[in-house]
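Structure file query_29.pdb (PDB, C-alpha atoms and all ligand atoms) follows.
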```pdb
ATOM      1  CA  MET M   1       5.160  26.032 -12.162
ATOM      2  CA  THR M   2       8.207  26.508  -9.963
ATOM      3  CA  LEU M   3       7.426  26.139  -6.274
ATOM      4  CA  PRO M   4       9.111  28.495  -3.826
ATOM      5  CA  VAL M   5      11.789  26.786  -1.746
ATOM      6  CA  GLY M   6       9.703  27.017   1.408
ATOM      7  CA  GLU M   7       6.960  24.905  -0.196
ATOM      8  CA  LEU M   8       9.153  22.000  -1.285
ATOM      9  CA  LEU M   9       8.660  20.016   1.917
ATOM     10  CA  ASN M  10       5.162  21.251   2.701
ATOM     11  CA  LEU M  11       2.733  18.385   3.418
ATOM     12  CA  SER M  12      -0.210  20.476   4.661
ATOM     13  CA  GLY M  13      -3.511  18.776   3.912
ATOM     14  CA  LYS M  14      -1.848  15.423   3.195
ATOM     15  CA  VAL M  15      -2.595  12.181   5.041
ATOM     16  CA  ALA M  16       0.296   9.818   5.755
ATOM     17  CA  VAL M  17       0.348   6.242   7.054
ATOM     18  CA  VAL M  18       3.610   5.034   8.610
ATOM     19  CA  THR M  19       3.973   1.365   9.558
ATOM     20  CA  GLY M  20       6.085   0.394  12.569
ATOM     21  CA  ALA M  21       5.824   4.024  13.636
ATOM     22  CA  ALA M  22       5.616   3.559  17.402
ATOM     23  CA  MET M  23       9.393   3.700  17.841
ATOM     24  CA  GLY M  24      12.749   3.853  16.132
ATOM     25  CA  ILE M  25      13.060   5.075  12.555
ATOM     26  CA  GLY M  26       9.285   4.949  12.018
ATOM     27  CA  LYS M  27       8.639   7.263  14.954
ATOM     28  CA  ALA M  28      11.168   9.794  13.623
ATOM     29  CA  ILE M  29       9.544   9.599  10.176
ATOM     30  CA  ALA M  30       6.077  10.169  11.646
ATOM     31  CA  ALA M  31       7.371  13.195  13.566
ATOM     32  CA  ARG M  32       8.945  14.804  10.466
ATOM     33  CA  LEU M  33       5.846  14.213   8.304
ATOM     34  CA  ALA M  34       3.634  15.684  11.048
ATOM     35  CA  GLU M  35       5.955  18.683  11.411
ATOM     36  CA  ALA M  36       5.623  19.251   7.645
ATOM     37  CA  GLY M  37       1.845  19.474   8.082
ATOM     38  CA  ALA M  38       0.603  15.956   7.322
ATOM     39  CA  SER M  39      -2.004  14.141   9.387
ATOM     40  CA  VAL M  40      -0.169  10.975  10.405
ATOM     41  CA  VAL M  41      -1.499   7.501  11.183
ATOM     42  CA  ILE M  42       0.841   5.610  13.509
ATOM     43  CA  ALA M  43       0.330   1.976  12.472
ATOM     44  CA  ASP M  44       2.111  -0.517  14.697
ATOM     45  CA  ILE M  45       1.727  -4.024  16.074
ATOM     46  CA  ASN M  46       2.246  -2.613  19.588
ATOM     47  CA  PRO M  47      -0.963  -0.691  20.439
ATOM     48  CA  GLU M  48       0.252   0.934  23.682
ATOM     49  CA  ALA M  49       3.442   2.253  22.084
ATOM     50  CA  ALA M  50       1.503   3.409  19.003
ATOM     51  CA  GLN M  51      -0.970   5.301  21.182
ATOM     52  CA  LYS M  52       1.870   6.913  23.149
ATOM     53  CA  THR M  53       3.606   8.092  19.963
ATOM     54  CA  ALA M  54       0.352   9.478  18.538
ATOM     55  CA  GLU M  55      -0.373  11.277  21.834
ATOM     56  CA  GLU M  56       3.111  12.820  21.861
ATOM     57  CA  LEU M  57       2.523  14.229  18.377
ATOM     58  CA  ILE M  58      -0.938  15.529  19.295
ATOM     59  CA  ASN M  59       0.498  17.153  22.451
ATOM     60  CA  ASP M  60       3.071  18.876  20.235
ATOM     61  CA  GLY M  61       0.190  20.385  18.235
ATOM     62  CA  TYR M  62       0.247  17.970  15.282
ATOM     63  CA  LYS M  63      -2.492  15.801  13.754
ATOM     64  CA  ALA M  64      -2.065  12.097  14.519
ATOM     65  CA  ALA M  65      -4.004   8.889  15.139
ATOM     66  CA  HIS M  66      -2.955   5.349  15.929
ATOM     67  CA  VAL M  67      -4.018   1.961  14.591
ATOM     68  CA  GLN M  68      -2.993  -1.464  15.825
ATOM     69  CA  SER M  69      -1.796  -3.161  12.711
ATOM     70  CA  ASP M  70       0.362  -6.181  11.886
ATOM     71  CA  ALA M  71       2.391  -5.463   8.757
ATOM     72  CA  SER M  72       2.421  -9.157   7.840
ATOM     73  CA  LYS M  73      -1.373  -9.406   7.546
ATOM     74  CA  ILE M  74      -3.120  -8.499   4.298
ATOM     75  CA  GLU M  75      -6.390  -7.778   6.121
ATOM     76  CA  ASP M  76      -4.536  -5.337   8.409
ATOM     77  CA  ALA M  77      -3.144  -3.516   5.365
ATOM     78  CA  GLU M  78      -6.648  -2.988   3.984
ATOM     79  CA  ARG M  79      -8.078  -2.043   7.400
ATOM     80  CA  THR M  80      -5.234   0.383   8.188
ATOM     81  CA  ILE M  81      -5.604   2.277   4.922
ATOM     82  CA  SER M  82      -9.395   2.432   5.223
ATOM     83  CA  GLN M  83      -9.080   3.674   8.830
ATOM     84  CA  ALA M  84      -6.781   6.460   7.612
ATOM     85  CA  VAL M  85      -9.472   7.423   5.092
ATOM     86  CA  ASP M  86     -12.210   7.218   7.777
ATOM     87  CA  VAL M  87     -10.304   9.314  10.316
ATOM     88  CA  PHE M  88      -8.546  11.884   8.123
ATOM     89  CA  GLY M  89     -10.583  11.682   4.898
ATOM     90  CA  ASP M  90      -7.908  10.416   2.495
ATOM     91  CA  VAL M  91      -4.514   8.785   2.056
ATOM     92  CA  ASP M  92      -1.681  10.495   0.154
ATOM     93  CA  ILE M  93       1.520   9.057   1.599
ATOM     94  CA  LEU M  94       2.465   5.555   2.759
ATOM     95  CA  VAL M  95       5.755   4.706   4.437
ATOM     96  CA  ASN M  96       6.457   0.981   4.752
ATOM     97  CA  ASN M  97       8.873   1.026   7.662
ATOM     98  CA  ALA M  98       7.821  -1.969   9.831
ATOM     99  CA  GLY M  99      10.534  -4.572   9.725
ATOM    100  CA  ILE M 100      12.383  -7.117  11.839
ATOM    101  CA  TYR M 101      15.992  -8.277  11.708
ATOM    102  CA  PRO M 102      16.480 -11.334  13.964
ATOM    103  CA  PHE M 103      20.078 -12.587  13.833
ATOM    104  CA  THR M 104      20.227 -16.259  12.802
ATOM    105  CA  PRO M 105      23.074 -17.971  10.956
ATOM    106  CA  ALA M 106      21.712 -19.534   7.758
ATOM    107  CA  ILE M 107      22.834 -22.974   8.930
ATOM    108  CA  ASP M 108      20.378 -22.694  11.853
ATOM    109  CA  MET M 109      17.539 -21.109   9.830
ATOM    110  CA  THR M 110      14.048 -22.366  10.604
ATOM    111  CA  GLU M 111      10.969 -22.107   8.452
ATOM    112  CA  ALA M 112       9.311 -20.024  11.195
ATOM    113  CA  ILE M 113      12.082 -17.369  11.260
ATOM    114  CA  TRP M 114      12.236 -17.272   7.459
ATOM    115  CA  ASP M 115       8.458 -16.935   7.049
ATOM    116  CA  LYS M 116       8.054 -14.310   9.780
ATOM    117  CA  THR M 117      10.836 -12.129   8.360
ATOM    118  CA  ILE M 118       9.650 -12.374   4.766
ATOM    119  CA  ASP M 119       5.999 -11.904   5.774
ATOM    120  CA  ILE M 120       6.608  -8.680   7.698
ATOM    121  CA  ASN M 121       9.403  -7.149   5.610
ATOM    122  CA  LEU M 122       8.451  -8.134   2.059
ATOM    123  CA  LYS M 123       4.886  -9.465   1.878
ATOM    124  CA  GLY M 124       3.696  -6.693   4.190
ATOM    125  CA  THR M 125       5.373  -4.054   2.037
ATOM    126  CA  MET M 126       3.639  -5.445  -1.061
ATOM    127  CA  PHE M 127       0.138  -5.513   0.402
ATOM    128  CA  PHE M 128       0.352  -2.171   2.205
ATOM    129  CA  CYS M 129       1.528  -0.703  -1.131
ATOM    130  CA  GLN M 130      -1.396  -2.369  -2.896
ATOM    131  CA  ALA M 131      -4.000  -1.206  -0.342
ATOM    132  CA  ALA M 132      -2.701   2.382  -0.476
ATOM    133  CA  ALA M 133      -2.440   2.431  -4.285
ATOM    134  CA  ARG M 134      -5.999   1.095  -4.643
ATOM    135  CA  ALA M 135      -7.289   3.819  -2.294
ATOM    136  CA  MET M 136      -5.338   6.535  -4.146
ATOM    137  CA  LYS M 137      -6.574   5.273  -7.527
ATOM    138  CA  ASP M 138     -10.203   4.988  -6.340
ATOM    139  CA  ARG M 139     -10.031   8.521  -5.010
ATOM    140  CA  GLY M 140      -8.718   9.771  -8.339
ATOM    141  CA  HIS M 141      -5.347  11.084  -7.252
ATOM    142  CA  GLY M 142      -1.745   9.954  -7.030
ATOM    143  CA  GLY M 143       0.484   9.765  -3.999
ATOM    144  CA  LYS M 144       3.864   8.935  -2.592
ATOM    145  CA  ILE M 145       4.960   5.523  -1.336
ATOM    146  CA  ILE M 146       8.306   5.182   0.417
ATOM    147  CA  ASN M 147       9.664   1.781   1.369
ATOM    148  CA  ILE M 148      12.410   1.326   3.939
ATOM    149  CA  ALA M 149      14.948  -1.111   2.533
ATOM    150  CA  SER M 150      18.482  -1.547   3.925
ATOM    151  CA  ILE M 151      22.139  -1.590   2.950
ATOM    152  CA  ASP M 152      21.705  -5.340   3.445
ATOM    153  CA  ALA M 153      19.883  -5.347   0.101
ATOM    154  CA  PHE M 154      23.271  -4.573  -1.470
ATOM    155  CA  ARG M 155      25.840  -6.177   0.840
ATOM    156  CA  PRO M 156      25.118  -8.907   3.416
ATOM    157  CA  THR M 157      26.026  -8.003   7.005
ATOM    158  CA  GLY M 158      26.296 -11.653   8.037
ATOM    159  CA  ASN M 159      23.942 -14.001   9.877
ATOM    160  CA  VAL M 160      20.797 -12.363   8.469
ATOM    161  CA  ALA M 161      20.368 -14.075   5.079
ATOM    162  CA  HIS M 162      16.568 -14.044   5.526
ATOM    163  CA  TYR M 163      16.676 -10.281   6.209
ATOM    164  CA  ASP M 164      19.042  -9.631   3.297
ATOM    165  CA  ALA M 165      16.717 -11.557   0.978
ATOM    166  CA  SER M 166      13.672  -9.654   2.259
ATOM    167  CA  LYS M 167      15.308  -6.242   1.753
ATOM    168  CA  GLY M 168      16.690  -7.223  -1.647
ATOM    169  CA  GLY M 169      13.076  -8.045  -2.439
ATOM    170  CA  VAL M 170      11.919  -4.653  -1.155
ATOM    171  CA  VAL M 171      14.366  -2.921  -3.507
ATOM    172  CA  MET M 172      13.122  -4.756  -6.596
ATOM    173  CA  LEU M 173       9.480  -4.535  -5.495
ATOM    174  CA  THR M 174       9.931  -0.758  -5.194
ATOM    175  CA  LYS M 175      11.218  -0.534  -8.766
ATOM    176  CA  ALA M 176       8.531  -2.861 -10.148
ATOM    177  CA  LEU M 177       5.650  -0.990  -8.480
ATOM    178  CA  ALA M 178       7.195   2.360  -9.423
ATOM    179  CA  LYS M 179       7.120   1.308 -13.068
ATOM    180  CA  GLU M 180       3.500   0.056 -12.922
ATOM    181  CA  TRP M 181       2.057   2.959 -10.964
ATOM    182  CA  ALA M 182       3.884   6.060 -12.255
ATOM    183  CA  SER M 183       1.120   6.540 -14.829
ATOM    184  CA  LEU M 184      -1.364   6.743 -11.923
ATOM    185  CA  GLY M 185       0.729   9.482 -10.328
ATOM    186  CA  ILE M 186       1.737   7.089  -7.550
ATOM    187  CA  LEU M 187       5.469   7.553  -7.053
ATOM    188  CA  VAL M 188       7.202   4.644  -5.344
ATOM    189  CA  ASN M 189      10.738   5.083  -3.996
ATOM    190  CA  ALA M 190      12.854   3.627  -1.201
ATOM    191  CA  VAL M 191      15.462   4.570   1.354
ATOM    192  CA  ALA M 192      18.217   2.107   2.246
ATOM    193  CA  PRO M 193      19.535   2.977   5.715
ATOM    194  CA  GLY M 194      22.880   1.929   7.084
ATOM    195  CA  SER M 195      23.378   1.288  10.782
ATOM    196  CA  ILE M 196      20.910   3.414  12.759
ATOM    197  CA  ALA M 197      20.706   3.584  16.565
ATOM    198  CA  THR M 198      17.159   2.428  17.448
ATOM    199  CA  PRO M 199      15.438   0.302  20.115
ATOM    200  CA  GLY M 200      15.631  -2.568  17.602
ATOM    201  CA  THR M 201      19.390  -2.345  17.119
ATOM    202  CA  SER M 202      19.922  -2.064  20.899
ATOM    203  CA  ALA M 203      17.720  -5.119  21.489
ATOM    204  CA  SER M 204      19.654  -7.122  18.908
ATOM    205  CA  ILE M 205      22.797  -6.961  21.067
ATOM    206  CA  THR M 206      21.213  -7.393  24.514
ATOM    207  CA  GLY M 207      22.542 -10.466  26.202
ATOM    208  CA  LEU M 208      26.088  -9.769  25.003
ATOM    209  CA  SER M 209      28.728  -8.791  27.572
ATOM    210  CA  ASP M 210      29.728  -5.096  27.718
ATOM    211  CA  GLU M 211      33.091  -6.086  26.261
ATOM    212  CA  LYS M 212      31.470  -7.857  23.296
ATOM    213  CA  LYS M 213      29.066  -4.960  22.737
ATOM    214  CA  ALA M 214      31.965  -2.480  22.683
ATOM    215  CA  ALA M 215      33.952  -4.688  20.282
ATOM    216  CA  LEU M 216      30.944  -5.050  17.973
ATOM    217  CA  THR M 217      30.314  -1.290  17.973
ATOM    218  CA  ARG M 218      34.009  -0.600  17.274
ATOM    219  CA  ALA M 219      34.035  -3.086  14.385
ATOM    220  CA  PHE M 220      30.914  -1.484  12.896
ATOM    221  CA  LEU M 221      32.186   2.067  13.249
ATOM    222  CA  GLU M 222      35.424   1.123  11.494
ATOM    223  CA  LYS M 223      33.345   0.280   8.423
ATOM    224  CA  ILE M 224      31.572   3.673   8.371
ATOM    225  CA  PRO M 225      33.695   6.432   6.771
ATOM    226  CA  LEU M 226      31.613   9.099   8.520
ATOM    227  CA  GLY M 227      32.660   7.542  11.842
ATOM    228  CA  ARG M 228      29.251   7.444  13.497
ATOM    229  CA  MET M 229      26.071   5.420  13.524
ATOM    230  CA  GLY M 230      23.016   7.096  12.030
ATOM    231  CA  GLU M 231      20.188   8.618  14.043
ATOM    232  CA  PRO M 232      16.550   7.844  13.164
ATOM    233  CA  ASP M 233      16.183  11.448  11.992
ATOM    234  CA  ASP M 234      18.949  10.888   9.396
ATOM    235  CA  ILE M 235      16.450   8.610   7.637
ATOM    236  CA  ALA M 236      13.326  10.637   8.490
ATOM    237  CA  LYS M 237      14.701  13.714   6.693
ATOM    238  CA  ILE M 238      15.131  11.715   3.476
ATOM    239  CA  VAL M 239      11.634  10.260   3.727
ATOM    240  CA  LEU M 240      10.324  13.804   4.197
ATOM    241  CA  PHE M 241      12.104  14.829   0.984
ATOM    242  CA  LEU M 242      10.641  11.872  -0.944
ATOM    243  CA  ALA M 243       7.144  12.515   0.437
ATOM    244  CA  GLY M 244       7.013  16.157  -0.603
ATOM    245  CA  PRO M 245       6.924  18.111  -3.871
ATOM    246  CA  ALA M 246      10.754  18.302  -3.900
ATOM    247  CA  ALA M 247      10.772  14.703  -5.193
ATOM    248  CA  ASP M 248       7.981  14.934  -7.774
ATOM    249  CA  TYR M 249      10.190  13.501 -10.548
ATOM    250  CA  MET M 250      11.566  10.554  -8.558
ATOM    251  CA  VAL M 251      10.283   7.139  -9.623
ATOM    252  CA  GLY M 252      11.828   3.864  -8.461
ATOM    253  CA  ALA M 253      14.834   5.514  -6.807
ATOM    254  CA  ILE M 254      16.673   3.894  -3.914
ATOM    255  CA  ILE M 255      18.400   6.486  -1.725
ATOM    256  CA  ILE M 256      21.253   5.049   0.332
ATOM    257  CA  ALA M 257      21.949   6.764   3.667
ATOM    258  CA  ASP M 258      24.731   4.855   5.411
ATOM    259  CA  GLY M 259      27.545   7.244   6.359
ATOM    260  CA  GLY M 260      29.530   5.790   3.463
ATOM    261  CA  TYR M 261      29.409   2.097   4.500
ATOM    262  CA  LEU M 262      28.746   0.877   0.974
ATOM    263  CA  VAL M 263      31.555   2.904  -0.597
ATOM    264  CA  ASN M 264      34.043   1.663   1.974
TER     265      ASN M 264
HETATM  266  N1  LIG O   1      18.071   0.326  12.624
HETATM  267  C1  LIG O   1      18.847   0.036  11.593
HETATM  268  O1  LIG O   1      20.104   0.009  11.694
HETATM  269  C2  LIG O   1      18.254  -0.246  10.248
HETATM  270  C3  LIG O   1      19.098  -0.352   9.137
HETATM  271  C4  LIG O   1      18.538  -0.600   7.886
HETATM  272  C5  LIG O   1      17.173  -0.754   7.758
HETATM  273  N2  LIG O   1      16.372  -0.673   8.853
HETATM  274  C6  LIG O   1      14.937  -0.857   8.668
HETATM  275  O2  LIG O   1      14.243   0.225   9.221
HETATM  276  C7  LIG O   1      12.988  -0.226   9.719
HETATM  277  C8  LIG O   1      12.809   0.205  11.164
HETATM  278  O3  LIG O   1      13.888  -0.327  11.937
HETATM  279  P1  LIG O   1      14.126   0.121  13.454
HETATM  280  O4  LIG O   1      15.541  -0.188  13.757
HETATM  281  O5  LIG O   1      13.580   1.469  13.690
HETATM  282  O6  LIG O   1      13.215  -0.965  14.203
HETATM  283  P2  LIG O   1      12.726  -1.013  15.757
HETATM  284  O7  LIG O   1      12.755  -2.454  16.110
HETATM  285  O8  LIG O   1      13.495  -0.048  16.588
HETATM  286  O9  LIG O   1      11.208  -0.511  15.638
HETATM  287  C9  LIG O   1      10.337  -1.244  14.814
HETATM  288  C10 LIG O   1       8.903  -0.825  15.040
HETATM  289  O10 LIG O   1       8.109  -1.695  14.191
HETATM  290  C11 LIG O   1       7.090  -2.309  14.972
HETATM  291  N3  LIG O   1       6.775  -3.622  14.410
HETATM  292  C12 LIG O   1       7.463  -4.776  14.547
HETATM  293  N4  LIG O   1       6.818  -5.769  13.901
HETATM  294  C13 LIG O   1       5.725  -5.227  13.345
HETATM  295  C14 LIG O   1       4.672  -5.733  12.581
HETATM  296  N5  LIG O   1       4.573  -7.035  12.254
HETATM  297  N6  LIG O   1       3.711  -4.882  12.164
HETATM  298  C15 LIG O   1       3.734  -3.567  12.495
HETATM  299  N7  LIG O   1       4.708  -3.039  13.258
HETATM  300  C16 LIG O   1       5.685  -3.853  13.665
HETATM  301  C17 LIG O   1       7.656  -2.368  16.394
HETATM  302  O11 LIG O   1       6.597  -2.465  17.356
HETATM  303  C18 LIG O   1       8.415  -1.045  16.458
HETATM  304  O12 LIG O   1       7.576   0.022  16.839
HETATM  305  C19 LIG O   1      12.954  -1.736   9.484
HETATM  306  O13 LIG O   1      12.319  -2.021   8.279
HETATM  307  C20 LIG O   1      14.426  -2.080   9.392
HETATM  308  O14 LIG O   1      14.667  -3.255   8.660
HETATM  309  C21 LIG O   1      16.880  -0.424  10.099
END
```
Starting from the file, give its structure as structure tokens.
Amino acid sequence: MTLPVGELLNLSGKVAVVTGAAMGIGKAIAARLAEAGASVVIADINPEAAQKTAEELINDGYKAAHVQSDASKIEDAERTISQAVDVFGDVDILVNNAGIYPFTPAIDMTEAIWDKTIDINLKGTMFFCQAAARAMKDRGHGGKIINIASIDAFRPTGNVAHYDASKGGVVMLTKALAKEWASLGILVNAVAPGSIATPGTSASITGLSDEKKAALTRAFLEKIPLGRMGEPDDIAKIVLFLAGPAADYMVGAIIIADGGYLVN
């Protein structure tokens, strides 16, 4: 059956869980999914910020709830998905967005920085995927899982080897799970953002002088053919596409959205 164009992004009646959704890219994703009609669970390690984001969506007339949840903890993955089912009755969409990118030259790498980055970015993605897929399978339907990778999975930025390794892992994990779960109707895909202006990217350059910040921004922009950094909504719109019926034949795809950085 061919769906009318207006239905291709319709998520009415769907339940979505977005990790790291209190701010940045995750917040923009949650807002787009809610606007498309989904009930959205804002899962974030920061409970006050998660509550604020959920309240903003509710005040705008959308359906939202918040859960304090640490993406690096397997028990939090299981609890978050079961809370989504308790509150909204089901789970249809999972977006693994929570991630950290602490700058550390590899020569100074510590076990703690390595483990924390891998645990949140890669292990967390695996076990949130597993918890959501188990719930979808138990409930006898498929779903959509969208993982947020990075251009760093394809080309290292520098001084984030641990991050690059984690996002390279997210790309291959996406393909591996997509292959295993397509027969269950669980479609796993990823988005690889380029440089997006978020609270996280601002925080990563705090402490630098204004001059250094300006030089860093200039150097980055020179590498982006489109000539601008991305906005969180540049990524949210692609996640919305992957979450809806428009992407019903996409399995294991990695969509790059980087203003042309990787073709430069
Ligand atoms: N901003 C970029 O330029 C960029 C580029 C490529 C990929 N990404 C990826 O996009 C995602 C979001 O990045 P952002 O820039 O919006 O980040 P951000 O730092 O602005 O926001 C991250 C959110 O995740 C939450 N969070 C942090 N640790 C968590 C944990 N352990 N469990 C649950 N929530 C946690 C934070 O509280 C916050 O709400 C990350 O996976 C990041 O690697 C970002």
Restricting the calculation to all atoms listed in the file, which member of M:Ala182, M:Ala192, M:Leu262, M:Val18 is positioned closest to Ala30 of chain M? M:Val18
Taking only residues of chain M that have an atom at most 7 Å from an atom of ligand LIG 1 (chain O), what is each one's shortest atom pair and its distance in Å to one decimal, using all atoms listed in the file, in chain and number order, as JSON lines?
```
{"residue": "M:Thr19", "atom": "CA", "partner": "O:LIG1", "partner_atom": "C15", "distance": 5.7}
{"residue": "M:Gly20", "atom": "CA", "partner": "O:LIG1", "partner_atom": "O10", "distance": 3.3}
{"residue": "M:Ala21", "atom": "CA", "partner": "O:LIG1", "partner_atom": "O12", "distance": 5.4}
{"residue": "M:Ala22", "atom": "CA", "partner": "O:LIG1", "partner_atom": "O12", "distance": 4.1}
{"residue": "M:Met23", "atom": "CA", "partner": "O:LIG1", "partner_atom": "O12", "distance": 4.2}
{"residue": "M:Gly24", "atom": "CA", "partner": "O:LIG1", "partner_atom": "O5", "distance": 3.5}
{"residue": "M:Ile25", "atom": "CA", "partner": "O:LIG1", "partner_atom": "O5", "distance": 3.8}
{"residue": "M:Gly26", "atom": "CA", "partner": "O:LIG1", "partner_atom": "O5", "distance": 5.8}
{"residue": "M:Ala43", "atom": "CA", "partner": "O:LIG1", "partner_atom": "C15", "distance": 6.5}
{"residue": "M:Asp44", "atom": "CA", "partner": "O:LIG1", "partner_atom": "N7", "distance": 3.9}
{"residue": "M:Ile45", "atom": "CA", "partner": "O:LIG1", "partner_atom": "C15", "distance": 4.1}
{"residue": "M:Asn46", "atom": "CA", "partner": "O:LIG1", "partner_atom": "O11", "distance": 4.9}
{"residue": "M:Ser69", "atom": "CA", "partner": "O:LIG1", "partner_atom": "C15", "distance": 5.5}
{"residue": "M:Asp70", "atom": "CA", "partner": "O:LIG1", "partner_atom": "N6", "distance": 3.6}
{"residue": "M:Ala71", "atom": "CA", "partner": "O:LIG1", "partner_atom": "N6", "distance": 3.7}
{"residue": "M:Ser72", "atom": "CA", "partner": "O:LIG1", "partner_atom": "N5", "distance": 5.3}
{"residue": "M:Asn97", "atom": "CA", "partner": "O:LIG1", "partner_atom": "O13", "distance": 4.6}
{"residue": "M:Ala98", "atom": "CA", "partner": "O:LIG1", "partner_atom": "O10", "distance": 4.4}
{"residue": "M:Gly99", "atom": "CA", "partner": "O:LIG1", "partner_atom": "O13", "distance": 3.4}
{"residue": "M:Ile100", "atom": "CA", "partner": "O:LIG1", "partner_atom": "O14", "distance": 5.5}
{"residue": "M:Tyr101", "atom": "CA", "partner": "O:LIG1", "partner_atom": "O14", "distance": 6.0}
{"residue": "M:Ile120", "atom": "CA", "partner": "O:LIG1", "partner_atom": "N5", "distance": 5.3}
{"residue": "M:Asn121", "atom": "CA", "partner": "O:LIG1", "partner_atom": "O13", "distance": 6.5}
{"residue": "M:Ile148", "atom": "CA", "partner": "O:LIG1", "partner_atom": "O13", "distance": 5.5}
{"residue": "M:Ala149", "atom": "CA", "partner": "O:LIG1", "partner_atom": "C5", "distance": 5.7}
{"residue": "M:Ser150", "atom": "CA", "partner": "O:LIG1", "partner_atom": "C4", "distance": 4.1}
{"residue": "M:Ile151", "atom": "CA", "partner": "O:LIG1", "partner_atom": "C4", "distance": 6.2}
{"residue": "M:Ala192", "atom": "CA", "partner": "O:LIG1", "partner_atom": "C4", "distance": 6.3}
{"residue": "M:Pro193", "atom": "CA", "partner": "O:LIG1", "partner_atom": "C4", "distance": 4.3}
{"residue": "M:Gly194", "atom": "CA", "partner": "O:LIG1", "partner_atom": "C3", "distance": 4.9}
{"residue": "M:Ser195", "atom": "CA", "partner": "O:LIG1", "partner_atom": "O1", "distance": 3.6}
{"residue": "M:Ile196", "atom": "CA", "partner": "O:LIG1", "partner_atom": "O1", "distance": 3.7}
{"residue": "M:Ala197", "atom": "CA", "partner": "O:LIG1", "partner_atom": "N1", "distance": 5.8}
{"residue": "M:Thr198", "atom": "CA", "partner": "O:LIG1", "partner_atom": "O8", "distance": 4.5}
{"residue": "M:Pro199", "atom": "CA", "partner": "O:LIG1", "partner_atom": "O8", "distance": 4.0}
{"residue": "M:Gly200", "atom": "CA", "partner": "O:LIG1", "partner_atom": "O7", "distance": 3.2}
{"residue": "M:Thr201", "atom": "CA", "partner": "O:LIG1", "partner_atom": "N1", "distance": 5.4}
```
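Of the residues under consideration (M:Thr206, M:Gln68, M:Asn264, M:Asn10), M:Asn10 shows the shortest atom-to-atom contact distance to Phe241 of chain M when counting only C-alpha atoms.
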Return as a ChimeraX atom specification the set of residues that the PyMOL selection byres (((chain M and resi 169) around 12) and not hetatm) yields on the displayed structure. /M:117-119,121-126,147-150,152-154,162-168,170-177,190
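Atom to atom, atom CA of Ala16 of chain M and atom CA of Met229 of chain M stand 27.3 Å apart.
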Residues within 10 Å of (-1.0, 20.7, 7.5), counting only C-alpha atoms, listed as number ranges by chain: M: 10-15, 33-39, 62-63
Selection file, C-alpha atoms, as a CSV table (one decimal), in the coordinates of the input:
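Wrote it out as out_14.csv, contents follow:
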```
chain,number,residue,atom,x,y,z
M,10,ASN,CA,5.2,21.3,2.7
M,11,LEU,CA,2.7,18.4,3.4
M,12,SER,CA,-0.2,20.5,4.7
M,13,GLY,CA,-3.5,18.8,3.9
M,14,LYS,CA,-1.8,15.4,3.2
M,15,VAL,CA,-2.6,12.2,5.0
M,33,LEU,CA,5.8,14.2,8.3
M,34,ALA,CA,3.6,15.7,11.0
M,35,GLU,CA,6.0,18.7,11.4
M,36,ALA,CA,5.6,19.3,7.6
M,37,GLY,CA,1.8,19.5,8.1
M,38,ALA,CA,0.6,16.0,7.3
M,39,SER,CA,-2.0,14.1,9.4
M,62,TYR,CA,0.2,18.0,15.3
M,63,LYS,CA,-2.5,15.8,13.8
```
When you look at Gly6 of chain M with a cut-off of 12 Å (counting all atoms listed in the file), what residues show up, excluding the ones that are within fewer than 6 positions of it in the same chain? I need them as number ranges by chain. M: 36, 244-246
Once the PyMOL selection byres (((chain M and resi 133-146) around 7) and not hetatm) has been applied to the shown file, what residues remain in the selection, as a list in words?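 Given this file, the PyMOL selection byres (((chain M and resi 133-146) around 7) and not hetatm) evaluates to Val91, Asp92, Ile93, Leu94, Val95, Asn96, Cys129, Gln130, Ala131, Ala132, Asn147, Ile148, Leu184, Gly185, Ile186, Leu187, Val188, Asn189, Ala190, Val239 and Ala243 of chain M.
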Place a sphere of radius 12 Å on (2.2, 8.4, 23.8) in the file coordinates and name every protein, DNA or RNA residue with an atom inside or on its surface, counting only C-alpha atoms; give the answer as a VMD selection string. chain M and resid 21 to 23 27 42 46 to 60 64 to 66
Grab the residues selected above and save them as a PDB file, keeping the file's coordinate frame with C-alpha atoms.
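Below is the file that was written, part_32.pdb:
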```pdb
ATOM      1  CA  ALA M  21       5.824   4.024  13.636  1.00  0.00           C
ATOM      2  CA  ALA M  22       5.616   3.559  17.402  1.00  0.00           C
ATOM      3  CA  MET M  23       9.393   3.700  17.841  1.00  0.00           C
ATOM      4  CA  LYS M  27       8.639   7.263  14.954  1.00  0.00           C
ATOM      5  CA  ILE M  42       0.841   5.610  13.509  1.00  0.00           C
ATOM      6  CA  ASN M  46       2.246  -2.613  19.588  1.00  0.00           C
ATOM      7  CA  PRO M  47      -0.963  -0.691  20.439  1.00  0.00           C
ATOM      8  CA  GLU M  48       0.252   0.934  23.682  1.00  0.00           C
ATOM      9  CA  ALA M  49       3.442   2.253  22.084  1.00  0.00           C
ATOM     10  CA  ALA M  50       1.503   3.409  19.003  1.00  0.00           C
ATOM     11  CA  GLN M  51      -0.970   5.301  21.182  1.00  0.00           C
ATOM     12  CA  LYS M  52       1.870   6.913  23.149  1.00  0.00           C
ATOM     13  CA  THR M  53       3.606   8.092  19.963  1.00  0.00           C
ATOM     14  CA  ALA M  54       0.352   9.478  18.538  1.00  0.00           C
ATOM     15  CA  GLU M  55      -0.373  11.277  21.834  1.00  0.00           C
ATOM     16  CA  GLU M  56       3.111  12.820  21.861  1.00  0.00           C
ATOM     17  CA  LEU M  57       2.523  14.229  18.377  1.00  0.00           C
ATOM     18  CA  ILE M  58      -0.938  15.529  19.295  1.00  0.00           C
ATOM     19  CA  ASN M  59       0.498  17.153  22.451  1.00  0.00           C
ATOM     20  CA  ASP M  60       3.071  18.876  20.235  1.00  0.00           C
ATOM     21  CA  ALA M  64      -2.065  12.097  14.519  1.00  0.00           C
ATOM     22  CA  ALA M  65      -4.004   8.889  15.139  1.00  0.00           C
ATOM     23  CA  HIS M  66      -2.955   5.349  15.929  1.00  0.00           C
TER      24      HIS M  66
END
```
